[in-house]
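Asks: mmCIF, C-alpha atoms, file model.cif:
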```cif
data_run
#
loop_
_atom_site.label_atom_id
_atom_site.label_comp_id
_atom_site.auth_asym_id
_atom_site.auth_seq_id
_atom_site.Cartn_x
_atom_site.Cartn_y
_atom_site.Cartn_z
CA MET A 991 84.40 71.86 105.18
CA ILE A 992 86.98 73.64 103.13
CA ARG A 993 86.04 75.87 100.26
CA LYS A 994 88.47 77.63 97.97
CA PHE A 995 87.83 81.13 96.79
CA GLY A 996 85.30 81.47 94.02
CA PHE A 997 82.87 78.59 94.41
CA ALA A 998 79.76 78.47 96.53
CA GLY A 999 78.08 75.53 98.06
CA VAL A 1000 78.93 72.46 100.01
CA ALA A 1001 77.23 69.16 100.05
CA ALA A 1002 75.50 67.27 102.65
CA LEU A 1003 76.50 63.65 102.45
CA ALA A 1004 79.50 65.64 101.76
CA ILE A 1005 83.18 65.51 102.13
CA LEU A 1006 84.50 69.01 102.13
CA ALA A 1007 84.39 71.10 99.05
CA MET A 1008 87.82 72.57 98.75
CA SER A 1009 86.65 74.07 95.53
CA GLY A 1010 86.96 77.07 93.29
CA ALA A 1011 90.66 77.72 93.49
CA ALA A 1012 92.37 80.96 92.71
CA PRO A 1013 95.25 80.64 90.23
CA ALA A 1014 98.21 78.87 91.78
CA ALA A 1015 100.44 81.92 91.30
CA ALA A 1016 98.20 83.94 93.62
CA ALA A 1017 98.54 81.49 96.49
CA THR A 1018 101.98 82.38 97.76
CA PRO A 1019 103.31 80.76 100.92
CA THR A 1020 103.62 84.23 102.47
CA GLU A 1021 99.91 84.80 102.02
CA GLY A 1022 98.68 81.33 102.88
CA LEU A 1023 100.82 80.69 105.94
CA TRP A 1024 99.61 83.71 107.90
CA TYR A 1025 98.15 81.42 110.59
CA TYR A 1026 101.62 80.08 111.34
CA ASP A 1027 103.06 83.56 111.87
CA LEU A 1028 100.05 84.95 113.75
CA ALA A 1029 100.20 82.12 116.27
CA HIS A 1030 103.98 82.52 116.72
CA ILE A 1031 104.50 78.85 115.96
CA ALA A 1032 108.14 79.36 114.99
CA ASP A 1033 108.81 80.89 118.42
CA ALA A 1034 107.09 77.96 120.11
CA GLN A 1035 109.16 75.48 118.14
CA ALA A 1036 112.34 77.36 118.94
CA ALA A 1037 111.44 76.85 122.60
CA GLY A 1038 110.91 73.14 121.98
CA ILE A 1039 107.11 73.27 122.01
CA THR A 1040 105.97 71.20 119.02
CA GLY A 1041 103.29 68.93 120.48
CA ASP A 1042 105.85 66.27 121.34
CA GLY A 1043 104.42 63.55 123.55
CA VAL A 1044 100.83 64.34 122.55
CA THR A 1045 98.73 62.03 120.37
CA ILE A 1046 96.11 63.43 118.01
CA ALA A 1047 93.69 61.16 116.16
CA VAL A 1048 92.38 62.50 112.86
CA LEU A 1049 89.30 60.90 111.27
CA ASP A 1050 88.88 61.79 107.60
CA SER A 1051 89.13 60.56 103.99
CA PRO A 1052 92.14 58.68 102.55
CA ILE A 1053 95.49 60.46 102.87
CA ASN A 1054 98.49 60.97 100.58
CA THR A 1055 101.57 60.75 102.77
CA GLN A 1056 103.82 61.23 99.74
CA VAL A 1057 103.29 64.97 99.42
CA PRO A 1058 106.53 66.60 100.59
CA THR A 1059 105.11 68.23 103.71
CA LEU A 1060 103.90 64.85 105.01
CA ALA A 1061 106.69 62.62 103.69
CA ASN A 1062 108.63 62.85 106.95
CA ALA A 1063 105.77 63.78 109.23
CA ASN A 1064 104.92 61.97 112.44
CA ILE A 1065 101.85 60.11 111.15
CA GLU A 1066 100.70 56.55 111.74
CA VAL A 1067 98.07 55.65 109.17
CA GLN A 1068 95.74 52.89 110.27
CA GLU A 1069 95.46 50.53 107.30
CA PRO A 1070 93.17 49.66 105.70
CA SER A 1071 90.38 52.22 105.83
CA TYR A 1072 87.19 51.56 107.75
CA CYS A 1073 85.21 51.47 104.48
CA TYR A 1074 84.61 49.06 101.62
CA ASP A 1075 84.78 50.35 98.07
CA LYS A 1076 82.06 50.04 95.46
CA SER A 1077 83.31 46.61 94.44
CA GLY A 1078 82.97 45.28 97.99
CA LYS A 1079 86.70 45.28 98.75
CA ARG A 1080 88.24 46.88 101.82
CA ALA A 1081 89.40 50.32 100.72
CA PRO A 1082 92.92 51.63 101.33
CA ALA A 1083 93.57 54.40 103.84
CA THR A 1084 96.42 55.84 101.77
CA SER A 1085 96.06 57.06 98.22
CA THR A 1086 97.73 59.39 95.74
CA ASP A 1087 94.46 60.08 93.93
CA LEU A 1088 93.08 63.59 93.67
CA ASP A 1089 89.86 62.54 91.98
CA GLY A 1090 87.76 59.42 92.16
CA GLU A 1091 86.62 57.15 94.94
CA PHE A 1092 89.95 57.17 96.77
CA SER A 1093 90.56 60.91 96.59
CA ALA A 1094 93.02 61.91 99.30
CA PHE A 1095 92.61 65.64 98.76
CA HIS A 1096 90.62 66.51 101.87
CA GLY A 1097 92.38 64.31 104.38
CA THR A 1098 95.84 65.25 103.13
CA ASN A 1099 95.21 68.95 103.60
CA VAL A 1100 93.43 68.55 106.93
CA VAL A 1101 96.26 66.60 108.56
CA SER A 1102 98.89 68.92 107.07
CA TYR A 1103 97.71 71.77 109.31
CA ILE A 1104 98.73 69.66 112.29
CA ALA A 1105 101.71 67.64 111.08
CA GLY A 1106 103.05 69.35 107.97
CA THR A 1107 106.81 69.95 108.00
CA GLY A 1108 106.69 72.81 105.51
CA GLU A 1109 108.64 70.86 102.89
CA GLY A 1110 107.33 71.60 99.40
CA TYR A 1111 107.65 70.65 95.79
CA PRO A 1112 110.50 72.41 93.94
CA GLY A 1113 110.15 76.15 94.35
CA GLN A 1114 107.44 75.84 96.99
CA THR A 1115 107.01 76.00 100.72
CA GLY A 1116 104.58 73.33 101.86
CA ILE A 1117 101.83 73.61 104.43
CA LYS A 1118 103.30 74.12 107.89
CA GLY A 1119 101.69 72.20 110.70
CA VAL A 1120 101.18 73.90 114.04
CA ALA A 1121 102.08 70.79 116.07
CA PRO A 1122 104.48 68.73 113.94
CA GLY A 1123 105.94 67.03 117.00
CA ALA A 1124 102.64 65.44 117.96
CA LYS A 1125 101.96 61.86 116.94
CA VAL A 1126 99.04 61.72 114.49
CA LEU A 1127 96.96 58.56 114.37
CA TYR A 1128 95.12 58.67 111.07
CA TYR A 1129 91.82 56.87 110.43
CA ALA A 1130 90.15 56.88 107.00
CA VAL A 1131 86.40 56.78 107.65
CA SER A 1132 84.96 58.03 104.34
CA LEU A 1133 85.41 57.62 100.60
CA LEU A 1134 84.57 60.00 97.80
CA ASP A 1135 81.33 59.18 96.03
CA GLU A 1136 81.29 61.90 93.39
CA VAL A 1137 82.07 65.58 92.88
CA VAL A 1138 79.62 68.03 91.34
CA ASP A 1139 79.74 71.82 91.31
CA GLY A 1140 82.45 71.89 93.94
CA GLY A 1141 80.58 69.64 96.35
CA GLU A 1142 81.62 66.18 97.39
CA SER A 1143 79.35 63.31 98.28
CA THR A 1144 80.89 60.71 100.54
CA ALA A 1145 80.16 57.08 101.12
CA CYS A 1146 81.35 54.49 103.60
CA HIS A 1147 79.88 51.05 103.10
CA ASP A 1148 80.31 47.64 104.60
CA LYS A 1149 81.15 44.63 102.44
CA ASP A 1150 77.46 44.15 101.62
CA GLY A 1151 77.11 47.69 100.31
CA ASN A 1152 75.22 49.04 103.32
CA THR A 1153 76.12 52.41 104.80
CA ASN A 1154 77.59 52.05 108.25
CA TYR A 1155 78.61 55.49 109.45
CA ASP A 1156 77.44 54.75 112.98
CA ILE A 1157 79.67 51.71 113.31
CA VAL A 1158 82.63 53.25 111.51
CA LEU A 1159 82.76 56.45 113.50
CA ASN A 1160 82.22 54.69 116.80
CA ASP A 1161 84.86 52.06 116.06
CA ALA A 1162 87.44 54.57 114.86
CA MET A 1163 86.99 56.79 117.91
CA ASN A 1164 87.24 53.85 120.29
CA ASP A 1165 90.29 52.52 118.47
CA ALA A 1166 91.89 55.94 118.70
CA MET A 1167 91.30 56.12 122.44
CA ASP A 1168 92.57 52.57 122.90
CA ALA A 1169 95.73 53.71 121.12
CA GLY A 1170 96.17 56.59 123.54
CA ALA A 1171 94.71 59.57 121.71
CA ASP A 1172 94.68 62.75 123.78
CA ILE A 1173 92.78 64.71 121.12
CA ILE A 1174 90.36 63.61 118.40
CA SER A 1175 89.93 65.98 115.44
CA ILE A 1176 87.09 65.53 112.93
CA SER A 1177 86.60 67.97 110.06
CA ALA A 1178 83.12 66.70 109.30
CA GLY A 1179 79.54 66.95 110.42
CA TYR A 1180 77.35 63.94 111.23
CA PRO A 1181 73.68 63.84 112.21
CA ASN A 1182 73.14 63.13 115.88
CA SER A 1183 72.99 59.39 116.11
CA THR A 1184 73.46 56.40 118.31
CA TYR A 1185 77.22 56.38 117.85
CA VAL A 1186 77.60 59.30 120.21
CA THR A 1187 76.19 57.21 123.05
CA ASP A 1188 79.29 55.00 123.07
CA ALA A 1189 82.62 56.43 121.88
CA PHE A 1190 81.90 60.11 122.40
CA PRO A 1191 80.61 59.79 125.97
CA ARG A 1192 83.67 57.70 126.70
CA ALA A 1193 85.86 60.53 125.39
CA VAL A 1194 84.14 63.03 127.68
CA ARG A 1195 84.45 60.73 130.68
CA GLU A 1196 88.14 60.08 130.00
CA GLY A 1197 89.00 63.72 129.33
CA VAL A 1198 89.87 63.21 125.66
CA VAL A 1199 89.46 66.53 123.82
CA VAL A 1200 87.11 66.19 120.83
CA VAL A 1201 87.37 68.93 118.19
CA GLY A 1202 84.93 69.28 115.29
CA SER A 1203 84.35 71.76 112.48
CA VAL A 1204 81.06 73.63 112.37
CA ALA A 1205 79.14 73.92 109.10
CA ASN A 1206 80.40 76.16 106.32
CA THR A 1207 77.05 77.78 105.80
CA ASP A 1208 74.74 79.89 107.91
CA ALA A 1209 71.82 77.91 106.49
CA THR A 1210 72.21 75.55 109.44
CA VAL A 1211 69.97 77.39 111.86
CA LEU A 1212 70.21 76.16 115.45
CA GLY A 1213 72.47 73.44 114.14
CA MET A 1214 73.10 70.40 116.30
CA ASN A 1215 75.42 68.08 114.43
CA PHE A 1216 78.19 65.80 115.65
CA PRO A 1217 80.86 66.38 116.74
CA ALA A 1218 80.79 70.21 116.70
CA GLY A 1219 77.41 70.38 118.39
CA ALA A 1220 77.96 67.56 120.85
CA ASN A 1221 77.81 68.19 124.58
CA GLY A 1222 81.39 68.75 125.72
CA ALA A 1223 83.05 68.99 122.28
CA VAL A 1224 84.88 71.96 120.76
CA GLY A 1225 82.99 73.35 117.76
CA VAL A 1226 85.41 75.40 115.65
CA GLN A 1227 84.54 78.22 113.26
CA ALA A 1228 86.84 79.55 110.52
CA ALA A 1229 88.17 83.10 110.78
CA ASP A 1230 90.64 85.38 109.04
CA ARG A 1231 93.69 86.96 110.63
CA ASP A 1232 91.53 89.72 112.13
CA GLY A 1233 89.21 87.26 113.83
CA VAL A 1234 86.36 87.88 111.38
CA ILE A 1235 84.42 84.70 110.68
CA LYS A 1236 83.81 83.47 107.18
CA THR A 1237 80.76 84.46 105.21
CA THR A 1238 78.34 82.62 102.96
CA ASP A 1239 76.84 84.69 100.14
CA GLY A 1240 77.84 87.85 102.01
CA ARG A 1241 76.31 86.80 105.32
CA PRO A 1242 78.30 85.91 108.46
CA ASN A 1243 78.56 82.18 108.91
CA ALA A 1244 76.81 82.35 112.27
CA ASP A 1245 76.58 79.03 114.08
CA GLU A 1246 75.56 78.45 117.68
CA GLN A 1247 77.76 75.37 117.81
CA THR A 1248 80.87 77.57 117.70
CA MET A 1249 82.96 77.37 120.85
CA VAL A 1250 86.12 78.98 119.45
CA ILE A 1251 87.28 80.44 116.16
CA ALA A 1252 90.59 79.55 114.51
CA PRO A 1253 92.44 80.34 111.27
CA GLY A 1254 90.52 79.09 108.25
CA ILE A 1255 90.25 81.85 105.65
CA GLY A 1256 92.87 82.47 102.97
CA VAL A 1257 95.00 79.54 104.12
CA LEU A 1258 97.43 77.63 101.92
CA SER A 1259 96.18 74.32 100.50
CA GLN A 1260 97.99 71.69 98.47
CA GLY A 1261 96.71 70.13 95.26
CA THR A 1262 93.92 70.85 92.78
CA ARG A 1263 91.35 68.52 91.27
CA SER A 1264 89.42 68.36 88.02
CA SER A 1265 86.42 69.87 89.79
CA ASP A 1266 88.35 72.99 90.78
CA GLY A 1267 88.41 74.50 87.31
CA VAL A 1268 92.12 75.32 87.37
CA GLY A 1269 93.43 72.98 84.71
CA THR A 1270 95.02 69.57 85.02
CA PRO A 1271 94.69 68.06 88.51
CA SER A 1272 98.02 68.13 90.30
CA TRP A 1273 99.37 67.71 93.80
CA GLU A 1274 102.03 70.28 92.93
CA GLN A 1275 99.58 73.17 92.57
CA GLN A 1276 98.84 75.38 95.56
CA THR A 1277 95.84 77.58 96.22
CA LEU A 1278 94.28 79.62 98.98
CA ALA A 1279 91.37 78.03 100.79
CA ASN A 1280 88.55 78.86 103.17
CA GLY A 1281 86.84 76.48 105.53
CA THR A 1282 86.12 75.15 108.96
CA SER A 1283 87.92 71.94 107.97
CA ILE A 1284 91.10 74.01 108.18
CA ALA A 1285 90.20 75.66 111.47
CA ALA A 1286 89.43 72.46 113.40
CA PRO A 1287 92.84 70.75 113.03
CA ILE A 1288 94.64 74.04 113.69
CA ALA A 1289 92.71 74.42 116.95
CA ALA A 1290 93.50 70.79 117.81
CA GLY A 1291 97.18 71.51 117.17
CA PHE A 1292 97.09 74.53 119.47
CA VAL A 1293 95.70 72.35 122.26
CA ALA A 1294 98.50 69.84 121.66
CA LEU A 1295 101.09 72.57 122.20
CA GLY A 1296 99.50 73.39 125.51
CA MET A 1297 99.41 69.74 126.49
CA GLN A 1298 103.13 69.36 125.87
CA LYS A 1299 103.97 72.48 127.86
CA TRP A 1300 101.73 71.43 130.76
CA PRO A 1301 101.88 67.62 130.82
CA ASP A 1302 100.26 67.33 134.24
CA ALA A 1303 97.12 69.16 133.14
CA THR A 1304 94.03 67.11 132.35
CA GLY A 1305 92.13 67.32 129.09
CA ASN A 1306 89.36 69.16 130.94
CA GLN A 1307 91.82 71.74 132.23
CA MET A 1308 93.15 72.26 128.71
CA LEU A 1309 89.59 72.95 127.56
CA GLN A 1310 89.28 75.45 130.40
CA SER A 1311 92.48 77.10 129.23
CA LEU A 1312 91.35 77.09 125.60
CA ILE A 1313 88.29 79.22 126.32
CA ARG A 1314 89.94 81.39 129.00
CA THR A 1315 93.04 82.46 127.02
CA THR A 1316 91.48 83.62 123.78
CA GLY A 1317 92.97 87.07 124.34
CA GLY A 1318 96.37 85.63 125.18
CA ASP A 1319 95.95 86.36 128.89
CA THR A 1320 94.10 84.52 131.62
CA HIS A 1321 90.54 85.76 131.99
CA GLU A 1322 87.07 84.59 132.78
CA PRO A 1323 85.40 82.88 129.80
CA ILE A 1324 82.89 85.04 127.98
CA TYR A 1325 80.64 83.46 125.38
CA ASP A 1326 79.69 85.84 122.58
CA SER A 1327 76.09 85.01 121.76
CA THR A 1328 75.73 88.00 119.42
CA GLU A 1329 78.49 87.53 116.87
CA LEU A 1330 78.55 83.77 117.52
CA ILE A 1331 82.31 83.55 117.78
CA GLY A 1332 82.06 81.36 120.85
CA TYR A 1333 84.68 82.22 123.44
CA GLY A 1334 86.87 83.95 120.85
CA PHE A 1335 90.01 83.31 118.82
CA ALA A 1336 91.93 80.24 119.99
CA SER A 1337 95.39 81.27 121.13
CA ALA A 1338 98.43 79.01 120.90
CA THR A 1339 100.49 81.51 122.90
CA GLY A 1340 97.81 81.71 125.57
CA LEU A 1341 97.66 77.94 125.93
CA ILE A 1342 101.43 77.74 126.24
CA ALA A 1343 101.85 80.66 128.64
CA ASN A 1344 99.13 79.85 131.18
CA ASP A 1345 99.26 76.91 133.57
CA PRO A 1346 95.93 75.06 133.22
CA SER A 1347 96.25 73.55 136.70
CA GLN A 1348 94.79 76.78 138.06
CA TYR A 1349 91.46 75.85 136.45
CA PRO A 1350 88.87 73.29 137.61
CA ASP A 1351 89.25 69.74 136.34
CA GLU A 1352 85.82 70.00 134.72
CA ASN A 1353 84.78 70.08 131.07
CA PRO A 1354 83.56 73.68 130.69
CA LEU A 1355 81.63 72.91 127.51
CA LEU A 1356 79.14 70.61 129.16
CA GLY A 1357 75.57 71.87 129.56
CA ASN A 1358 72.53 70.08 130.91
CA ASN A 1359 70.35 70.76 127.87
CA GLU A 1360 72.63 69.69 125.03
CA PHE A 1361 73.03 66.44 123.12
CA PRO A 1362 73.85 63.95 124.49
CA LEU A 1363 72.46 64.57 127.94
CA LEU A 1364 74.72 64.31 130.95
CA SER A 1365 72.69 61.28 131.99
CA GLU A 1366 73.64 59.63 128.70
CA ILE A 1367 77.33 60.43 129.18
CA PHE A 1368 77.67 59.55 132.85
CA THR A 1369 75.81 56.26 132.98
CA ASP A 1370 77.57 54.87 136.04
CA SER A 1371 75.20 55.15 138.98
CA THR A 1372 78.13 56.07 141.18
CA ALA A 1373 79.04 59.05 139.03
CA ASP A 1374 77.67 62.46 139.87
CA PRO A 1375 77.05 64.28 136.56
CA THR A 1376 76.66 67.60 138.33
CA ALA A 1377 80.23 67.35 139.54
CA THR A 1378 81.50 67.67 136.00
CA ALA A 1379 78.96 70.14 134.70
CA ALA A 1380 80.24 73.51 133.53
CA PRO A 1381 80.92 76.03 136.28
CA ASP A 1382 78.37 78.80 136.58
CA ASP A 1383 80.60 81.48 135.12
CA VAL A 1384 80.95 79.40 131.98
CA ALA A 1385 77.56 77.76 131.61
CA ASP A 1386 75.58 80.96 132.15
CA GLY A 1387 77.13 82.49 129.06
CA ARG A 1388 76.30 79.59 126.80
CA PRO A 1389 73.23 79.45 124.57
CA ASP A 1390 70.53 77.15 125.96
CA VAL A 1391 70.01 75.25 122.75
CA GLY A 1392 68.26 72.16 124.04
CA ILE A 1393 67.87 68.91 122.14
CA ILE A 1394 66.78 70.15 118.76
CA LEU A 1395 66.71 68.10 115.60
CA ILE A 1396 67.21 70.44 112.71
CA VAL A 1397 66.27 70.93 109.15
CA VAL A 1398 68.94 72.61 107.16
CA VAL A 1399 67.61 75.35 104.97
CA GLY A 1400 70.63 75.04 102.77
CA VAL A 1401 72.25 74.75 99.43
CA LEU A 1402 70.97 71.92 97.26
CA LEU A 1403 73.53 70.21 95.12
CA VAL A 1404 72.27 67.72 92.58
CA ALA A 1405 74.57 64.94 91.46
CA GLY A 1406 73.34 62.17 89.23
CA GLY A 1407 69.82 62.59 90.49
CA VAL A 1408 70.86 62.61 94.13
CA VAL A 1409 70.02 65.79 96.00
CA LEU A 1410 72.89 66.58 98.33
CA ALA A 1411 71.03 68.59 100.93
CA ILE A 1412 71.42 68.43 104.68
CA VAL A 1413 68.15 67.28 106.18
CA PHE A 1414 68.36 65.88 109.67
CA SER A 1415 65.10 64.02 109.90
CA VAL A 1416 63.23 63.29 113.08
CA ARG A 1417 62.89 59.76 111.77
CA ARG A 1418 66.17 58.06 112.59
CA ALA A 1419 65.58 55.49 109.85
CA ARG A 1420 66.18 58.30 107.35
CA ARG A 1421 69.25 59.96 108.85
CA SER A 1422 71.35 61.99 106.49
CA PRO A 1423 74.87 60.70 105.83
CA PRO A 1424 77.71 62.86 107.13
CA LYS A 1425 78.99 66.01 105.57
CA ILE A 1426 82.68 66.62 105.85
CA GLN A 1427 83.07 70.31 106.56
#
```
So, in terms of structure tokens, how does the structure I just supplied come out?

Replies:
Amino acid sequence: MIRKFGFAGVAALAILAMSGAAPAAAATPTEGLWYYDLAHIADAQAAGITGDGVTIAVLDSPINTQVPTLANANIEVQEPSYCYDKSGKRAPATSTDLDGEFSAFHGTNVVSYIAGTGEGYPGQTGIKGVAPGAKVLYYAVSLLDEVVDGGESTACHDKDGNTNYDIVLNDAMNDAMDAGADIISISAGYPNSTYVTDAFPRAVREGVVVVGSVANTDATVLGMNFPAGANGAVGVQAADRDGVIKTTDGRPNADEQTMVIAPGIGVLSQGTRSSDGVGTPSWEQQTLANGTSIAAPIAAGFVALGMQKWPDATGNQMLQSLIRTTGGDTHEPIYDSTELIGYGFASATGLIANDPSQYPDENPLLGNNEFPLLSEIFTDSTADPTATAAPDDVADGRPDVGIILIVVVGVLLVAGGVVLAIVFSVRRARRSPPKIQ
């Protein structure tokens, strides 16, 4: 989830809270585009490495493709959305709303970190995407329910008013893979559910890289949400330019789901809403933002750059490279189980410079004790799950989390009598709706 400076709290059921903005004048492009410079994206683009030929699917809220940085971006929005609105009509996937049910605030910013051209409103530089040459397939899988105290409650209903997150997420992921997605990026957290036994296992089997944002609070102890906590996925934590992860109420945002860290603190965001406390809502206002919702698409964009440079590498080999090049040079993967920064700071330059074909064609993020089990992913009796398990030098450094259903000891946000807390119940009939990080 994304949080702007100054506000605490994110919601469960929640689409990101990009809340509590600093005054627009303080959010200069020079300050907020540090991730672009640190990753040497301009140098990569000068060398023709833009993500061209790579397809990234983004699953999020509605999107506003009319903001300048996305107006000429390489995005194919799948219309309509996968949700029905409160009146029972199929909701649009594109919107210019900042507030209300069809708010496009979260999705617009998330996809900008991949595809943004840097074009801005008069006098501005827009968000610069790290892989603007990649094709983005955009799927709207959530709608805004309401905003309270900087938190956002999401809803995605079928035409009869029933929630259908399982079906929506599964369908969107399968549609994305049918359309040729190489990478799937989701800046949201879902409770472990039956949908991961279909589309997600397929992604692992087919070598599609799945990237997800971890929670924005350290209240999620031993968290195991989807997709960040899924067996074989890339859980991404937000960090500043020095590689220091974000904090919640002064405490490090430690999360055992973290596989890599990526830029996500003090990053430029576009637009402000009525809930941000900065005056009249406007797409033309810019602020600085914090959040794992920023970090996940940036990490996905880095992988796309590597995929373009090394087109013969498999998705599994790109994952190997992702966790082996966090220092910019080839090295053995080391999982930091103390600071919980995973395998370290994702490196665009490392992914571009190092040929992934030198690594095993095996997903290094698979572990026998995580959710879903290897036996649930590799269901074909002819498949040998052990052949694709993580190599010893990788798996031994990973935390042995096991299949743990969690209770989030987190922030409670009350909106219209609804308590927006993350409680992943053991009783599947009472699963929590997703929270968009």

Asks: Considering all atoms listed in the file, state which residue in the set A:Asn1154, A:Ser1327, A:Ser1132, A:Asn1280 is at the smallest distance from Lys1236 in chain A.

Replies: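 Nearest candidate to Lys1236 in chain A out of A:Asn1154, A:Ser1327, A:Ser1132, A:Asn1280: A:Asn1280.
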
Asks: Expand the PyMOL selection byres ((chain A and resi 1227) around 12) into the individual residues it matches in the shown file, reporting them as a PyMOL selection string.

Replies: chain A and resi 991-992+1177+1201-1208+1218-1219+1224-1226+1228-1230+1233-1237+1242-1255+1280-1289+1329-1336+1427

Asks: Taking the file as shown, find all residues satisfying the PyMOL selection byres ((chain A and resi 1056) around 12) and write them as a PyMOL selection string.

Replies: chain A and resi 1053-1055+1057-1063+1065+1084-1087+1094+1098+1102+1106+1109-1111+1273-1274

Asks: Between CA of Gln1260 in chain A and CA of Asn1099 in chain A, what is the spacing in Å?

Replies: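 Separating CA of Asn1099 in chain A from CA of Gln1260 in chain A is a distance of 6.4 Å.
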
Asks: Using only C-alpha atoms, find the one residue out of A:Gly1041, A:Gly1113, A:Pro1181, A:Pro1191 that sits nearest to Gln1276 in chain A.

Replies: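 Among the listed residues, the smallest separation from Gln1276 in chain A belongs to A:Gly1113.
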
Asks: If you apply the PyMOL selection byres ((chain A and resi 1313) around 10) to this file, what residues do you get, as a PDB file with C-alpha atoms, in the coordinates of the input?

Replies:
```
ATOM      1  CA  VAL A1224      84.880  71.960 120.760  1.00  0.00           C
ATOM      2  CA  MET A1249      82.960  77.370 120.850  1.00  0.00           C
ATOM      3  CA  VAL A1250      86.120  78.980 119.450  1.00  0.00           C
ATOM      4  CA  MET A1308      93.150  72.260 128.710  1.00  0.00           C
ATOM      5  CA  LEU A1309      89.590  72.950 127.560  1.00  0.00           C
ATOM      6  CA  GLN A1310      89.280  75.450 130.400  1.00  0.00           C
ATOM      7  CA  SER A1311      92.480  77.100 129.230  1.00  0.00           C
ATOM      8  CA  LEU A1312      91.350  77.090 125.600  1.00  0.00           C
ATOM      9  CA  ARG A1314      89.940  81.390 129.000  1.00  0.00           C
ATOM     10  CA  THR A1315      93.040  82.460 127.020  1.00  0.00           C
ATOM     11  CA  THR A1316      91.480  83.620 123.780  1.00  0.00           C
ATOM     12  CA  GLY A1317      92.970  87.070 124.340  1.00  0.00           C
ATOM     13  CA  THR A1320      94.100  84.520 131.620  1.00  0.00           C
ATOM     14  CA  HIS A1321      90.540  85.760 131.990  1.00  0.00           C
ATOM     15  CA  GLU A1322      87.070  84.590 132.780  1.00  0.00           C
ATOM     16  CA  PRO A1323      85.400  82.880 129.800  1.00  0.00           C
ATOM     17  CA  ILE A1324      82.890  85.040 127.980  1.00  0.00           C
ATOM     18  CA  TYR A1325      80.640  83.460 125.380  1.00  0.00           C
ATOM     19  CA  GLY A1332      82.060  81.360 120.850  1.00  0.00           C
ATOM     20  CA  TYR A1333      84.680  82.220 123.440  1.00  0.00           C
ATOM     21  CA  GLY A1334      86.870  83.950 120.850  1.00  0.00           C
ATOM     22  CA  PHE A1335      90.010  83.310 118.820  1.00  0.00           C
ATOM     23  CA  ALA A1336      91.930  80.240 119.990  1.00  0.00           C
ATOM     24  CA  SER A1337      95.390  81.270 121.130  1.00  0.00           C
ATOM     25  CA  GLY A1340      97.810  81.710 125.570  1.00  0.00           C
ATOM     26  CA  LEU A1341      97.660  77.940 125.930  1.00  0.00           C
ATOM     27  CA  PRO A1354      83.560  73.680 130.690  1.00  0.00           C
ATOM     28  CA  LEU A1355      81.630  72.910 127.510  1.00  0.00           C
ATOM     29  CA  VAL A1384      80.950  79.400 131.980  1.00  0.00           C
TER      30      VAL A1384
END
```

Asks: Leaving out Ile1367 in chain A and any residue of its chain fewer than 4 positions from it, which residues lie within 10 Å of it when counting all atoms listed in the file, given as a list of chain:residue names?

Replies: A:Val1186, A:Thr1187, A:Asp1188, A:Ala1189, A:Phe1190, A:Pro1191, A:Arg1192, A:Ala1193, A:Val1194, A:Arg1195, A:Asn1221, A:Gly1222, A:Phe1361, A:Pro1362, A:Leu1363, A:Pro1375

Asks: Have a look at A:Ser1365, A:Gly1357, A:Ile1039, A:Val1126 and name the one nearest to Gln1068 in chain A; count only C-alpha atoms.

Replies: A:Val1126

Asks: Which of these, A:Val1131, A:Thr1369, A:Leu1049, A:Gly1305, has the shortest distance to Pro1350 in chain A once you count all atoms listed in the file?

Replies: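 Using all atoms listed in the file, Pro1350 in chain A sits closest to A:Gly1305.
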
Asks: State, in Å with one decimal place, the distance from CA of Trp1024 in chain A to CA of Pro1301 in chain A.

Replies: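 These two atoms are separated by 28.1 Å.
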
Asks: Show me the residues close to (95.1, 59.9, 122.9) - anything with an atom within 8 Å, counting all atoms listed in the file - and format the list as a PDB file with C-alpha atoms, keeping the file's coordinate frame.

Replies:
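In the end it all went to result20.pdb:
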```pdb
ATOM      1  CA  VAL A1044     100.830  64.340 122.550  1.00  0.00           C
ATOM      2  CA  THR A1045      98.730  62.030 120.370  1.00  0.00           C
ATOM      3  CA  ILE A1046      96.110  63.430 118.010  1.00  0.00           C
ATOM      4  CA  ALA A1047      93.690  61.160 116.160  1.00  0.00           C
ATOM      5  CA  ALA A1166      91.890  55.940 118.700  1.00  0.00           C
ATOM      6  CA  MET A1167      91.300  56.120 122.440  1.00  0.00           C
ATOM      7  CA  ASP A1168      92.570  52.570 122.900  1.00  0.00           C
ATOM      8  CA  ALA A1169      95.730  53.710 121.120  1.00  0.00           C
ATOM      9  CA  GLY A1170      96.170  56.590 123.540  1.00  0.00           C
ATOM     10  CA  ALA A1171      94.710  59.570 121.710  1.00  0.00           C
ATOM     11  CA  ASP A1172      94.680  62.750 123.780  1.00  0.00           C
ATOM     12  CA  ILE A1173      92.780  64.710 121.120  1.00  0.00           C
ATOM     13  CA  ILE A1174      90.360  63.610 118.400  1.00  0.00           C
ATOM     14  CA  VAL A1198      89.870  63.210 125.660  1.00  0.00           C
TER      15      VAL A1198
END
```
